[in-house]
Every structure is written in C-alpha cells, then in structure tokens.
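Engineer: Take this structure first; my questions come after.
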Amino acid sequence: MRKSAIILILLVLTLSLSAELIDKIVAKVGTDIILLSDLQKEMVQMQSAGLLEENTDPRDVLDEMINQKLIIQKAKDLNITVNNDEIKAMAENYLKKVKAQYPSSSAFAADLKKSKLTESDLLQLYRDILTEQALSDQILKKEIINKVSVTEAEVINFYNATKDSLAVKPVSWDLGIIFREIKPSQESKEAKLAEIKEIQRRLKNGEDFATLASTESDCPSKEVGGDLGFFKRGQMVKPFEDAAFALQLGEISDIVESEYGYHIIRLEEKRGNEIRARHILKALTPTAEDSLRERQLMEEIRNRYAKGESFASLAREYSMDQESREDGGSLGEFTERDLPSLFATQILQTPVGEMTPVLENQGMLYIFCRLKEYPPRIYKYEEVKDQAREMVLKRKQIDAFNAWIENLRREAYVQITL
C-alpha cells in the first residue's frame with residue numbers, strides 16, 4: 001500500500017538518475033520541448049497504472065504527449081483559466097493522503113530526500129498536474145463536447161447497421177407481482193387508541209408528563225421522560241411537526257396520529273426556529289394476528305390463481321404496489337440478471353406460469369410469477385437506444401477531436417526527433 005502511494009516519488013528518483021546519464025530533445029511543440037527523460041517518465045507511469053501494453057511503440061506515447069502539449073497551449077491561447085485556490089486545496093489534500101500512508105513523517109522525508117525533492121517541490125508537482133488536467137478538461141468541453149450532438153436519425157441508423165452484431169438478449173420473462181404490506185388491523189388501531197386515551201385522561205387528572213412517558217411510551221425516548229431534544233421543521237413527520245409547532249410553552253397537545261402511531265406532545269422550550277418537546281407514543285405495529293391474516297389472504301390468492309382466476313384480476317384487486325397493479329401486476333420484461341436478487345432463486349425455481357410461495361421481507365409479503373417466457377432475441381431499439389446514442393456520441397466526439405488536433409498540428413510547429 002505504501003509502495004503504491006509513493007510511486008510518483010520513486011518515478012522521479014528513477015528518471016532523475018537516468019536523465020543524469022543521457023537526455024535529449026525528442027520533440028518540439030511550438031515553444032515547448034519534450035525530453036527523452038519526459039518520455040521515459042510517461043511510459044513508466046503508464047506501466048505502473050497498467051495502461052502500457054506489451055510492445056507499445058514509444059513513438060505512440062510521444063504522439064499523445066504532443067497532443068497534450070498542443071491542448072494546453074491552445075487553452076492558454078484562449079485565456080482559459082483554472083481556480084487556483086481549488087487546485088491548491090486539491091493538491092494539498094492529495095499530499096496529505098500520501099503522507100498519511102507513511103509510518104512516520106521522517107520516513108516520508110527520507111523518501112523525498114532520496115528523490116532529491118522537497119515537500120514544496122512535490123506539492124508544486126501535484127499542482128502542475130492538476131492544473132494541466134483542469135485546463136485540458138475545460139478546453140475539450142468547450143471545443144469538442146459542447147459542439148457535438150446526436151440526432152435521433154443518426155442513432156436509428158447506427159442501430160439498424162449494427163443490431164446484428166449487438167449482444168443478444170437472453171431468455172426473459174414478463175414478471176408479475178402481487179405485494180401486500182403487513183399493517184395493523186382496525187382492531188389493533190382501536191386498542192392502541194384506547195391506550196393513548198387512557199394516558200390522556202391521566203394527564204388531565206394531573207399526572208406528570210415525563211413520568212408517564214417513562215412508564216407508558218413505546219418510543220426509546222421513554223428513557224429520558226419522552227424528551228426529543230431540540231428540532232427544526234422538516235425533521236419530524238408532518239402530523240407530529242404541525243401539532244408540536246402549534247403549541248404554546250407548557251401546553252399539551254390532543255392525540256396526534258402519524259405513521260408511527262398515536263402521540264401526545266408537550267412543548268418544553270423554544271429557541272429561534274427550534275423547539276424542544278416531549279412526547280408519549282403508543283406505536284402502531286402489526287401483531288402476530290395481523291401477520292397471520294395477511295399470509296392467509298396471500299395463500300387464498302394463490303389458491304384462486306391455481307383454480308383459474310387471472311393473475312391480472314387478482315393483482316388489480318389485492319396488490320398494494322400501485323404502479324404494477326394498473327398493469328395487472330406486470331413489472332415488465334426481466335432477464336435472469338435483472339430479477340430482484342433477494343427473491344431470484346425462488347422465482348427461478350418456480351415453473352413459468354406458476355406463482356411462487358408467499359415470500360416475506362421486513363414486513364412485506366410478495367408473490368411473483370413469470371407470466372410469459374420470451375426466447376433469446378436481438379434487443380429492440382427502445383431497449384438499447386440510450387446505449388446506442390452514447391456510442392454514436394462517443395464516435396462523433398473522437399472524430400471531432402482527431403480533426404481538431406490535426407488542425408492544431410498544422411497551426412503549430414511540431415518537430416519529432418525520436
């Protein structure tokens with residue numbers, strides 16, 4: 001890990017030693033030059049990053065270095081600038097991360113000394129690299145990316161010309177779902193409402209709010225007498241928030257219903273746009289009977305399907321998944337890779353056209369069915385148009401870049417002596 005973190009320092013050391021032995025100009029690009037040691041350094045860096053293929057011609061690497069010089073020169077000609085404060089901060093952050101991977105400051109200093117560098121030298125090197133990258137990004141965006149666009153006709157033509165060579169879509173299925181959430185029954189709600197009303201009665205009879213919260217509340221805040229601390233608008237569920245912010249100091253709310261259950265709230269303090277409140281909660285959570293009831297309903301749905309009722313009609317009648325319910329429970333076309341990972345095994349083990357067993361996860365019940373199977377086929381245009389558009393755009397950007405670079409080469413003085 002430490003070795004990879006200091007590779008730039010080691011590269012500087014290696015190449016400075018080789019440069020002492022032999023160096024020469026291998027290319028002139030306008031007023032800039034590229035030395036043999038620069039080329040060697042670039043190739044070693046590429047190799048360390050896994051970007052240098054075996055038998056790579058150094059002249060190809062040099063050609064890319066010339067292109068980069070031309071890009072930076074053009075950026076400066078157009079007075080494109082960078083945010084020096086941001087570059088400095090990024091360089092300092094990078095240097096900090098490198099130093100952090102050393103066992104000690106002295107070990108870092110020792111490597112710098114071997115490389116004949118100071119910490120300031122290394123920081124400046126990072127700043128130079130980041131500045132060039134930022135200039136390059138800006139001018140390429142200005143001269144290439146912002147000027148290249150793709151029409152729908154171009155994408156369609158590309159698809160028609162290449163669709164036979166595109167990846168074939170594997171076997172897929174129209175996947176159906178019937179979804180139910182285990183919720184408290186009306187009887188459970190009525191029982192909890194009766195409990196919170198009894199607490200409300202005791203409060204009206206003068207019992208202490210914090211004491212009742214510590215003994216009767218279903219919220220973890222019971223450990224501190226129901227104290228929720230200070231909070232702003234937007235931090236609590238809306239029914240609770242609306243009721244709490246409407247209270248006067250010391251005032252106790254009526255019973256407030258939220259997705260968590262039934263609350264009674266007391267306002268303790270106000271501080272600017274924040275308030276501090278206590279509450280007593282009787283949580284609305286499904287009982288074992290509620291869970292059993294929903295499971296029995298799902299099993300009944302499976303039995304009705306097995307007896308011939310359509311999946312679509314059952315989904316429209318019982319599924320709580322609003323979007324798929326409108327489509328008769330269909331989630332759309334799925335390949336094996338697309339299936340929900342949590343239930344993929346059960347879905348694949350259930351024959352096409354049959355319902356899976358009732359599946360449960362975090363209080364949710366599911367039935368899936370592979371309603372219809374589709375054989376392998378070429379992807380339809382609508383399925384791959386976004387990827388095709390991206391491919392056409394990349395090709396056009398590359399062509400535009402190559403033409404732009406060739407024009408820069410004609411405008412600038414470029415001499416290669418390698």
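Scheme for the structure tokens: letters A, B, ... for chains in order shown; per-chain residue numbers from 1; ligand numbers from 1 in order shown.
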List as number ranges by chain the protein and nucleic acid residues near Ser291 of chain A, meaning an atom at most 12 Å away when only C-alpha atoms are counted, but skip any in the same chain fewer than 2 places from it.
Structural biologist: A: 180-185, 188, 285-289, 293-298, 360, 362-365
Engineer: Okay, now the selection with N, CA and C atoms, as a JSON list (two decimals), in the first residue's frame?
Structural biologist:
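out34.json, freshly written:
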```json
[["chain", "number", "residue", "atom", "x", "y", "z"],
["A", 180, "ARG", "N", -48.20, -7.19, -0.67],
["A", 180, "ARG", "CA", -49.02, -6.76, 0.45],
["A", 180, "ARG", "C", -48.11, -6.36, 1.61],
["A", 181, "GLU", "N", -48.43, -5.26, 2.25],
["A", 181, "GLU", "CA", -47.71, -4.86, 3.46],
["A", 181, "GLU", "C", -48.51, -5.31, 4.68],
["A", 182, "ILE", "N", -47.81, -5.89, 5.64],
["A", 182, "ILE", "CA", -48.48, -6.30, 6.87],
["A", 182, "ILE", "C", -48.72, -5.05, 7.72],
["A", 183, "LYS", "N", -49.98, -4.69, 7.86],
["A", 183, "LYS", "CA", -50.33, -3.48, 8.60],
["A", 183, "LYS", "C", -51.21, -3.84, 9.79],
["A", 184, "PRO", "N", -51.24, -2.96, 10.77],
["A", 184, "PRO", "CA", -52.13, -3.21, 11.92],
["A", 184, "PRO", "C", -53.59, -3.24, 11.47],
["A", 185, "SER", "N", -54.34, -4.14, 12.03],
["A", 185, "SER", "CA", -55.76, -4.22, 11.71],
["A", 185, "SER", "C", -56.51, -3.08, 12.39],
["A", 188, "SER", "N", -56.44, -3.58, 16.01],
["A", 188, "SER", "CA", -55.18, -3.18, 16.65],
["A", 188, "SER", "C", -55.14, -1.66, 16.85],
["A", 285, "THR", "N", -47.92, -1.10, 15.56],
["A", 285, "THR", "CA", -47.13, -2.15, 14.93],
["A", 285, "THR", "C", -48.01, -3.38, 14.72],
["A", 286, "PRO", "N", -47.80, -4.08, 13.61],
["A", 286, "PRO", "CA", -48.63, -5.26, 13.35],
["A", 286, "PRO", "C", -48.44, -6.32, 14.42],
["A", 287, "THR", "N", -49.49, -6.96, 14.76],
["A", 287, "THR", "CA", -49.44, -8.07, 15.71],
["A", 287, "THR", "C", -49.22, -9.38, 14.97],
["A", 288, "ALA", "N", -49.01, -10.45, 15.71],
["A", 288, "ALA", "CA", -48.89, -11.77, 15.09],
["A", 288, "ALA", "C", -50.17, -12.12, 14.34],
["A", 289, "GLU", "N", -51.30, -11.69, 14.88],
["A", 289, "GLU", "CA", -52.58, -11.95, 14.23],
["A", 289, "GLU", "C", -52.68, -11.19, 12.90],
["A", 293, "ARG", "N", -53.13, -12.96, 9.32],
["A", 293, "ARG", "CA", -54.26, -12.59, 8.46],
["A", 293, "ARG", "C", -53.80, -12.30, 7.04],
["A", 294, "GLU", "N", -52.71, -11.53, 6.89],
["A", 294, "GLU", "CA", -52.21, -11.19, 5.55],
["A", 294, "GLU", "C", -51.67, -12.42, 4.84],
["A", 295, "ARG", "N", -51.00, -13.30, 5.59],
["A", 295, "ARG", "CA", -50.49, -14.52, 4.97],
["A", 295, "ARG", "C", -51.64, -15.40, 4.48],
["A", 296, "GLN", "N", -52.67, -15.49, 5.25],
["A", 296, "GLN", "CA", -53.82, -16.29, 4.83],
["A", 296, "GLN", "C", -54.45, -15.71, 3.57],
["A", 297, "LEU", "N", -54.51, -14.39, 3.48],
["A", 297, "LEU", "CA", -55.04, -13.75, 2.29],
["A", 297, "LEU", "C", -54.18, -14.07, 1.08],
["A", 298, "MET", "N", -52.86, -14.00, 1.23],
["A", 298, "MET", "CA", -51.96, -14.31, 0.12],
["A", 298, "MET", "C", -52.09, -15.77, -0.32],
["A", 360, "GLU", "N", -41.50, -13.26, 2.18],
["A", 360, "GLU", "CA", -41.60, -12.16, 3.14],
["A", 360, "GLU", "C", -40.26, -11.50, 3.33],
["A", 362, "GLN", "N", -39.04, -7.96, 5.75],
["A", 362, "GLN", "CA", -39.24, -6.73, 6.52],
["A", 362, "GLN", "C", -40.70, -6.27, 6.53],
["A", 363, "GLY", "N", -41.57, -7.20, 6.87],
["A", 363, "GLY", "CA", -42.98, -6.84, 6.99],
["A", 363, "GLY", "C", -43.73, -6.71, 5.68],
["A", 364, "MET", "N", -43.11, -7.12, 4.57],
["A", 364, "MET", "CA", -43.74, -7.07, 3.26],
["A", 364, "MET", "C", -43.90, -8.51, 2.74],
["A", 365, "LEU", "N", -45.05, -8.79, 2.13],
["A", 365, "LEU", "CA", -45.32, -10.10, 1.55],
["A", 365, "LEU", "C", -45.38, -9.99, 0.03]]
```
Engineer: Report as JSON lines the residues of segment 355-413 of chain A within 12 Å of segment 160-168 of chain A, each with its shortest atom pair and distance in Å (one decimal), using only C-alpha atoms, ordered by chain and increasing residue number.
Structural biologist:
```
{"residue": "A:Pro375", "atom": "CA", "partner": "A:Val168", "partner_atom": "CA", "distance": 10.4}
{"residue": "A:Pro376", "atom": "CA", "partner": "A:Val168", "partner_atom": "CA", "distance": 6.7}
{"residue": "A:Arg377", "atom": "CA", "partner": "A:Val168", "partner_atom": "CA", "distance": 5.6}
{"residue": "A:Ile378", "atom": "CA", "partner": "A:Val168", "partner_atom": "CA", "distance": 4.9}
{"residue": "A:Tyr379", "atom": "CA", "partner": "A:Val168", "partner_atom": "CA", "distance": 6.4}
{"residue": "A:Lys380", "atom": "CA", "partner": "A:Lys163", "partner_atom": "CA", "distance": 8.7}
{"residue": "A:Tyr381", "atom": "CA", "partner": "A:Lys163", "partner_atom": "CA", "distance": 8.5}
{"residue": "A:Glu383", "atom": "CA", "partner": "A:Lys163", "partner_atom": "CA", "distance": 11.6}
{"residue": "A:Val384", "atom": "CA", "partner": "A:Leu166", "partner_atom": "CA", "distance": 9.6}
{"residue": "A:Lys385", "atom": "CA", "partner": "A:Lys163", "partner_atom": "CA", "distance": 10.9}
{"residue": "A:Gln387", "atom": "CA", "partner": "A:Leu166", "partner_atom": "CA", "distance": 10.9}
{"residue": "A:Ala388", "atom": "CA", "partner": "A:Thr162", "partner_atom": "CA", "distance": 9.6}
{"residue": "A:Met391", "atom": "CA", "partner": "A:Thr162", "partner_atom": "CA", "distance": 11.2}
{"residue": "A:Val392", "atom": "CA", "partner": "A:Thr162", "partner_atom": "CA", "distance": 11.3}
```
Engineer: Between A:Leu117, A:Met320, A:Val150, A:Leu140, which residue has the minimum interatomic distance to Leu393 of chain A, considering only C-alpha atoms?
Structural biologist: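 Answer, going by the shortest atom-to-atom distance: A:Val150.
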Engineer: Go through segment 224-287 of chain A and collect every residue that DSSP, computed from the backbone, puts in helix (DSSP H, G or I); the answer should be as a ChimeraX atom specification.
Structural biologist: /A:224,238-245
Engineer: Taking only C-alpha atoms into account, produce a table as JSON lines in which each residue of segment 252-366 of chain A with an atom at most 7 Å from an atom of segment 201-219 of chain A appears once, together with its shortest atom pair and the distance in Å to one decimal, ordered by chain and rising number.
Structural biologist:
```
{"residue": "A:His279", "atom": "CA", "partner": "A:Ala213", "partner_atom": "CA", "distance": 6.9}
{"residue": "A:Ile280", "atom": "CA", "partner": "A:Ser217", "partner_atom": "CA", "distance": 4.8}
{"residue": "A:Leu281", "atom": "CA", "partner": "A:Ser217", "partner_atom": "CA", "distance": 4.9}
{"residue": "A:Lys282", "atom": "CA", "partner": "A:Asp218", "partner_atom": "CA", "distance": 5.4}
{"residue": "A:Ala283", "atom": "CA", "partner": "A:Asp218", "partner_atom": "CA", "distance": 5.8}
```
Engineer: Restricting the calculation to only C-alpha atoms: of A:Glu86, A:Glu119, A:Asp128, A:Glu406, which residue gets closest to Asn67 of chain A?
Structural biologist: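 Counting only C-alpha atoms, the residue closest to Asn67 of chain A is A:Glu406.
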Engineer: For the atom pair atom CA of Glu241 of chain A and atom CA of Asp290 of chain A, what is the interatomic distance in Å to one decimal place?
Structural biologist: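 If I compute the distance from atom CA of Glu241 of chain A to atom CA of Asp290 of chain A, I get 28.9 Å.
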Engineer: Which value, in Å to one decimal, gives the distance between atom CA of Leu125 of chain A and atom CA of Glu143 of chain A?
Structural biologist: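 Between these atoms lies a distance of 27.0 Å.
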Engineer: Pick out the closest residue to Arg325 of chain A from this set: A:Leu62, A:Phe179, A:Ser149, A:Gln346. Count only C-alpha atoms.
Structural biologist: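 Smallest separation from Arg325 of chain A among the options: A:Phe179.
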Engineer: Rank nothing, just name the residue among A:Lys270, A:Thr131, A:Ala344, A:Leu284 nearest to Leu359 of chain A, using only C-alpha atoms.
Structural biologist: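 Using only C-alpha atoms, Leu359 of chain A sits closest to A:Ala344.
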Engineer: Show me, as a list in words, the residues that have an atom within 8 Å of Glu373 of chain A when counting only C-alpha atoms, minus same-chain residues fewer than 6 positions from it.
Structural biologist: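 Counting only C-alpha atoms, the residues come to Val171, Ser172, Trp173, Asp174 and Val352 of chain A.
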Engineer: Identify, on the basis of only C-alpha atoms, every residue whose closest approach to Ser324 of chain A does not exceed 10 Å; exclude the query and any residue fewer than 6 positions from it along the same chain; express the result as a short mmCIF file (atom, residue, chain, number, x, y, z; two decimals) with N, CA and C atoms, in the first residue's frame.
Structural biologist:
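Okay, this is what ended up in part-v2.cif:
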```cif
data_model
loop_
_atom_site.label_atom_id
_atom_site.label_comp_id
_atom_site.auth_asym_id
_atom_site.auth_seq_id
_atom_site.Cartn_x
_atom_site.Cartn_y
_atom_site.Cartn_z
N GLY A 176 -44.60 -10.91 -13.04
CA GLY A 176 -45.73 -10.36 -12.32
C GLY A 176 -45.49 -10.35 -10.82
N ILE A 177 -46.14 -9.41 -10.13
CA ILE A 177 -46.00 -9.31 -8.67
C ILE A 177 -47.34 -8.97 -8.04
N ILE A 178 -47.59 -9.59 -6.89
CA ILE A 178 -48.68 -9.18 -6.01
C ILE A 178 -48.03 -8.91 -4.67
N PHE A 179 -48.21 -7.70 -4.16
CA PHE A 179 -47.49 -7.23 -2.98
C PHE A 179 -48.48 -6.79 -1.91
N ALA A 312 -53.81 -11.02 -13.53
CA ALA A 312 -54.09 -9.58 -13.66
C ALA A 312 -55.25 -9.15 -12.77
N ALA A 315 -54.20 -9.27 -9.12
CA ALA A 315 -53.28 -8.17 -8.80
C ALA A 315 -54.04 -6.86 -8.67
N ARG A 316 -54.97 -6.61 -9.58
CA ARG A 316 -55.74 -5.36 -9.51
C ARG A 316 -56.61 -5.30 -8.25
N SER A 330 -47.97 -6.64 -13.76
CA SER A 330 -46.75 -6.84 -14.55
C SER A 330 -45.71 -5.78 -14.22
N LEU A 331 -44.49 -6.26 -13.93
CA LEU A 331 -43.35 -5.37 -13.69
C LEU A 331 -42.57 -5.11 -14.96
N GLY A 332 -42.89 -5.84 -16.04
CA GLY A 332 -42.16 -5.70 -17.29
C GLY A 332 -41.31 -6.93 -17.59
#
```
Engineer: Provide the atom CA of Lys74 of chain A to atom CA of Lys24 of chain A distance in Å, to one decimal place.
Structural biologist: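 Computing the Euclidean distance for atom CA of Lys74 of chain A and atom CA of Lys24 of chain A yields 25.2 Å.
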Engineer: Which is closest to Ala194 of chain A among A:Ser310, A:Tyr262, A:Pro170, A:Glu323, if we use only C-alpha atoms?
Structural biologist: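 That would be A:Tyr262, the residue with the smallest distance to Ala194 of chain A.
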Engineer: So which residues touch Ile87 of chain A within 10 Å, counting only C-alpha atoms, skipping near sequence neighbours fewer than 6 positions away, as a PyMOL selection string?
Structural biologist: chain A and resi 93+126-131+134
Engineer: Keeping only C-alpha atoms, take the residues you just selected and write them out as a short mmCIF file (atom, residue, chain, number, x, y, z; two decimals), in the first residue's frame.
Structural biologist:
```cif
data_model
loop_
_atom_site.label_atom_id
_atom_site.label_comp_id
_atom_site.auth_asym_id
_atom_site.auth_seq_id
_atom_site.Cartn_x
_atom_site.Cartn_y
_atom_site.Cartn_z
CA ASN A 93 -5.32 17.11 0.11
CA TYR A 126 0.80 17.90 -7.91
CA ARG A 127 -0.44 21.44 -8.60
CA ASP A 128 1.08 21.39 -12.10
CA ILE A 129 -0.52 18.02 -12.92
CA LEU A 130 -3.93 19.10 -11.62
CA THR A 131 -3.73 22.45 -13.41
CA ALA A 134 -8.25 21.14 -15.42
#
```
